[in-house]
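Peer 1: Please see the structure below; I have some questions.
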Amino acid sequence: MDALSSLPLVLYGGAAVILAIGIFYGWRNYQRCPHCRRVVPRVYRGWLRCRGCGRQYRRGLRFD
């Protein structure tokens with residue numbers, strides 16, 4: 001019976017780990033457009049064009 005009562009704790013713990021991994025992945029691979037503030041793919045080399053405003057952006061300030 002104790003296993004059934006600890007099941008929600010295991011599910012909440014697993015959900016928290018998955019959420020933390022997702023946030024870490026998002027911070028590493030996405031950035032905000034400096035013009036319209038939409039979430040856009042992070043630039044690693046050169047320039048990309050924002051799909052929202054159409055203006056070009058480059059790699060922003062990033063702390064590694």
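Here's how to read the names in the structure tokens: chain A, B, ... by the order shown, residue numbers from 1 in each chain, ligand numbers from 1 in the order shown.
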When you look at stretch 45-55 of chain A with a cut-off of 12 Å (counting only C-alpha atoms), what residues show up, excluding the ones that are within fewer than 6 positions of it in the same chain? I need them as a list in words.
Peer 2: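 Counting only the stated atoms, we get Gln31, Arg32, Cys33, Pro34, His35, Cys36, Arg37, Arg38 and Val39 of chain A.
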Peer 1: Please, could you write that set of residues out with N, CA and C atoms as a short mmCIF file (atom, residue, chain, number, x, y, z; two decimals), in the first residue's frame?
Peer 2:
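Saved to out-v3.cif:
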```cif
data_model
loop_
_atom_site.label_atom_id
_atom_site.label_comp_id
_atom_site.auth_asym_id
_atom_site.auth_seq_id
_atom_site.Cartn_x
_atom_site.Cartn_y
_atom_site.Cartn_z
N GLN A 31 16.57 32.00 -28.82
CA GLN A 31 16.79 33.34 -28.30
C GLN A 31 15.62 34.21 -28.73
N ARG A 32 15.56 35.42 -28.23
CA ARG A 32 14.51 36.35 -28.63
C ARG A 32 15.04 37.26 -29.73
N CYS A 33 14.18 37.56 -30.70
CA CYS A 33 14.53 38.51 -31.75
C CYS A 33 14.69 39.88 -31.08
N PRO A 34 15.77 40.59 -31.35
CA PRO A 34 15.97 41.89 -30.70
C PRO A 34 14.99 42.96 -31.18
N HIS A 35 14.26 42.71 -32.26
CA HIS A 35 13.35 43.72 -32.82
C HIS A 35 11.92 43.51 -32.34
N CYS A 36 11.39 42.30 -32.53
CA CYS A 36 9.98 42.05 -32.20
C CYS A 36 9.80 41.17 -30.97
N ARG A 37 10.89 40.66 -30.40
CA ARG A 37 10.90 39.86 -29.17
C ARG A 37 10.25 38.48 -29.32
N ARG A 38 10.10 37.99 -30.54
CA ARG A 38 9.61 36.63 -30.74
C ARG A 38 10.72 35.64 -30.45
N VAL A 39 10.35 34.42 -30.07
CA VAL A 39 11.33 33.36 -29.83
C VAL A 39 11.74 32.80 -31.18
#
```
Peer 1: To test your reading of the structure, identify every residue in chain A that backbone DSSP assigns to alpha helix (DSSP H), and report it as a list of chain:residue names.
Peer 2: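 The alpha helix (DSSP H) subset of chain A is A:Asp2, A:Ala3, A:Leu4, A:Ser5, A:Ser6, A:Leu7, A:Pro8, A:Leu9, A:Val10, A:Leu11, A:Tyr12, A:Gly13, A:Gly14, A:Ala15, A:Ala16, A:Val17, A:Ile18, A:Leu19, A:Ala20, A:Ile21, A:Gly22, A:Ile23, A:Phe24, A:Tyr25, A:Gly26, A:Trp27, A:Arg28, A:Asn29.
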Peer 1: Got a sec: who's within 10 Å of A:Gly26, counting only C-alpha atoms, leaving out chain neighbours fewer than 4 positions off, as number ranges by chain?
Peer 2: A: 20-22, 30-31, 39, 41-42
Peer 1: Taking the chain letters and numbering used in this document, name the residues of chain A that DSSP puts in strand (DSSP E), as a list in words.
Peer 2: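 Filtering chain A down to strand (DSSP E) leaves Tyr30, Gln31, Arg32, Val39, Val40, Pro41, Trp47, Leu48, Arg49, Gln56, Tyr57 and Arg58 of chain A.
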Peer 1: With distances taken over only C-alpha atoms, which of A:Val17, A:Val40, A:Tyr25, A:Val10 is nearest to A:Gln56?
Peer 2: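 With only C-alpha atoms as the atom set, the closest residue is A:Val40.
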Peer 1: Just give me the gap between atom CA of A:Tyr44 and atom CA of A:Arg28 in Å, one decimal is fine.
Peer 2: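 Straight-line distance from atom CA of A:Tyr44 to atom CA of A:Arg28 works out to 10.7 Å.
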